[in-house]
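Chemist: Mind looking over this structure? Questions follow.
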Amino acid sequence: MSQSELIKTLKLRAELLATARSFFAQRSVLEVETPVLGASAVTDPNIQSFVVADENKPPRYLQSSPEFFMKRLLVNGAPDIYQITKAFRQAEAGARHNPEFTLIEWYRRQFDLAQISQETAELVQQLLLIREISLPIQRISYRAACQQMLGLDLIEQSLQSLIQLATKQGLVAADKLPRAALYDFIFDQAVVARLPQDVIHIVEYYPAEQASLAQLSQTDAQLAERFEIFAGGFELANGFLELRDADEQRQRFQQDLQIRSEQGLPMVAIDETFIAALRQGLPACAGVALGLDRVHLIVAQVDSLDQLLPFSWSAL
Amino acid sequence: MAGYNTNEFRSGLKIMLDGDPYTIVENILVKPGKGQAFSRVKIRNLKTGRVVDKTFKSGDSVDAADVMEVDMQYLYADGEDWHFMDQTTFEQHAANKTAVGDAALWLKEQDICVVTLYNGAPLSIQPPNFVELKIVETDPGLKGDTATGGIKPAYLETGAMVRVPLFVDQGESIRIDTRSGEYVSRAKES
C-alpha cells in the first residue's frame, strides 16, 4: 500500500466509525465494551474460536462475536446498546474474510424484525453516503427471493431435490450435507449472486434450520425470525428477533455439539453463564451484527480486504 | 493415495475428481456469517482442457492427482507417437496423438516443451511460447512490399498454416506465438 493509499484507507475508516457512532448517538443507543477474551467459545459448528493459553489456568477464547456478553448486559438491565469491536474466527481468510474483523453489533429492546432490519439498512445507507454512494433499500422474504431467482421455494423442496439442485450447481459430495448447509450453498450460489448489487437488500424469514439464535416465527414454524442484509453482491449483516427461551437455547447448543462430535470438530463447553442469564430473563429484543470491513469494501470500491487493511492477515 | 484438505487448496494444485486429473485455477472461500463454509474453485480438466466451476465443503478432502510438469526435449515423431526426453534423467517418453493434440503443429525437433505426466505417462504437451519454423509453401513475395499490410497463407514444415505478411518468402523461417498461432516476425538469421 502506498502512502497516499494508506492515508486514504485510514481516513475513510475513521469516517465510517464516526458516522456509525453519531447514528447511534442520535437514536440514544449506548456504546458499550465487553470482553474480547472470554471463558467460553460458541458451540456453532461453523465457527472455530481461537484458544488462548493463560499460564496454568483454563484457556480463554477470543470472542467470535460479542453477542453473549451483550445479552448478559441486557439481562442485567442495560438499555439499548451497541458496540464496535474486533471479533475473531479461525481459518476464515480470503478476499472478503479476515480472521480478525470488526463488527458493529447492537440490541434494541421491543424492536421486531422489521424495525431492526430497517434500522440496519438505514445505517448501511448512511455509511455508503460518506462517498456519495446512494443505494435504495428493498425488502424481500427468503422465500420470495428464491422464487424470484430460482423459480422455486427452497423450503418446500425435499432433501433429495436440494441435493440434486446443489449438485447441478457444482457442489461436490452434496449428498453428505444436511439441509442447512445445502441452503447455504444454493442460496449463495443461485440467489445472492444474482441479487442486483446496487440495492441494499433486506432478506428476511430464513428457514427454521438456520434459526441460529433467532426465535422461530409464531405464524409459520418453517421460518425463523432472522434477516440478512446484502449489498454489492455480498452479505453485510445478520440479525435476529432474539431467542429468549433458555431451554430451547440449550437444546440448540446441544445439537451443535452433536454435529461437532460427528464431524470431528474441536469440542467446547456450553456457556452456562449465558444460559443462566437467559433463565433470569432476557428482555424482548432484536439484535444484529454488521461487518464493518465489508461496508468499507463497498465504500472504498475495492474487491479485496488486502487493498483496505493496513496490515493484511497474510502479511502480518 | 495422498490427499489434500480444502484448506490446502491453492492455484496449481493437482487433484482427482470423478476419475480425471484437474489443476486448480482459482480458489475462493465462501462463508456466510452463520453457516457452512465452502471452497469455490475453478478447475481445469488436464485431459480435456475444459475449465469448470466446482464447490467443496470446507474441511473435505480430495485425492491428489499424480501429475507432474517436466521440461523435455522433443526428439522425433515416428508416425504414431511423438518422442520426448527428460532433460535431467534422459528418460524417454512417447506421447500419443491425444496427448499431443494441436501442439503437433508447433513441434520442432530439439525444442524444449513442457510435458505433463499423469501416472508417469504423457497427458499433454505444451510447446514453447515462441517457435521458429520454415515456410515450405506460400505465394511469391512482393519485393519491397512492407507497407501495404496485406496477408497471405503460408504452410510450415510441421504442416501448420499461418497468415503472414506479403513480403515473407517461401524457404524463410518465421517466428510464431504458439498460444495464438500468429506470425510474430521473420526469424533472426543465426
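Each chain of the C-alpha cells is named A, B, ... in the order shown, its residues numbered from 1; ligands are numbered from 1 in display order.
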Please determine the contact residues of chain B with respect to chain A at a cut-off of 9 Å, counting only C-alpha atoms, and supply them as a list in words.

Modeler: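 The answer, sorted by residue number, is Asn7, Ile28, Leu29, Val30, Lys31, Pro32, Gly33, Lys34, Gly35, Gln36, Ala37, Phe38, Arg40, Val52, Asp53, Lys54, Thr55, Phe56 and Lys57 of chain B.
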
Chemist: Just want the 6 Å neighbourhood of segment 75-79 of chain B, counted on only C-alpha atoms, with same-chain residues fewer than 4 positions away dropped. Output as number ranges by chain.

Modeler: B: 83-84, 109-110

Chemist: Using only C-alpha atoms, determine which residues lie at most 10 Å from Gly49 of chain B, disregarding the query and same-chain residues fewer than 3 positions distant; provide the list as a compact mmCIF listing (two decimals) with N, CA, C and O atoms, in the first residue's frame.

Modeler:
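So part30.txt came out as:
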```txt
# COMPACT_ATOMS: atom_id res chain seq x y z
N TYR B 22 -7.28 -32.87 -12.41
CA TYR B 22 -7.59 -31.45 -12.61
C TYR B 22 -6.49 -30.61 -11.96
O TYR B 22 -5.84 -31.04 -11.02
N THR B 23 -6.33 -29.39 -12.47
CA THR B 23 -5.46 -28.44 -11.78
C THR B 23 -6.34 -27.29 -11.29
O THR B 23 -7.28 -26.88 -11.98
N ILE B 43 -11.53 -25.20 -11.80
CA ILE B 43 -10.53 -26.24 -12.04
C ILE B 43 -10.49 -26.61 -13.51
O ILE B 43 -11.52 -26.58 -14.19
N ARG B 44 -9.28 -26.91 -14.00
CA ARG B 44 -9.13 -27.28 -15.42
C ARG B 44 -8.87 -28.76 -15.53
O ARG B 44 -7.97 -29.31 -14.89
N ASN B 45 -9.69 -29.43 -16.33
CA ASN B 45 -9.50 -30.85 -16.60
C ASN B 45 -8.24 -31.00 -17.44
O ASN B 45 -8.15 -30.45 -18.54
N LEU B 46 -7.28 -31.75 -16.92
CA LEU B 46 -5.99 -31.85 -17.61
C LEU B 46 -6.06 -32.74 -18.84
O LEU B 46 -5.17 -32.70 -19.68
N VAL B 52 -14.03 -25.91 -15.31
CA VAL B 52 -15.36 -25.99 -14.71
C VAL B 52 -15.34 -25.36 -13.31
O VAL B 52 -14.30 -25.25 -12.69
N SER B 124 -0.38 -34.32 -21.68
CA SER B 124 -0.49 -33.19 -22.60
C SER B 124 0.88 -32.57 -22.82
O SER B 124 1.79 -32.76 -22.02
```

Chemist: Would you list, as a list in words, the residues of segment 102-159 of chain B that end up in strand (DSSP E) under DSSP run on this structure's backbone?

Modeler: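 DSSP on the backbone gives strand (DSSP E) at Ile112, Cys113, Val114, Val115, Thr116, Leu117, Tyr118, Ala121, Pro122, Leu123, Ser124, Ile125, Gln126, Phe130, Val131, Glu132, Leu133, Lys134, Ile135, Val136, Glu137, Thr138, Ile151, Lys152, Pro153, Ala154, Tyr155 and Leu156 of chain B.
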
Chemist: Mind listing the alpha helix (DSSP H) residues of segment 26-186 of chain B, per DSSP on the backbone, as a list of chain:residue names?

Modeler: B:Lys97, B:Thr98, B:Ala99, B:Val100

Chemist: Hey, what's within 9 Å of Gly120 of chain B if we count only C-alpha atoms and toss same-chain stuff fewer than 6 positions away? As a list in words, please?

Modeler: Asp66, Val67 and Met68 of chain B
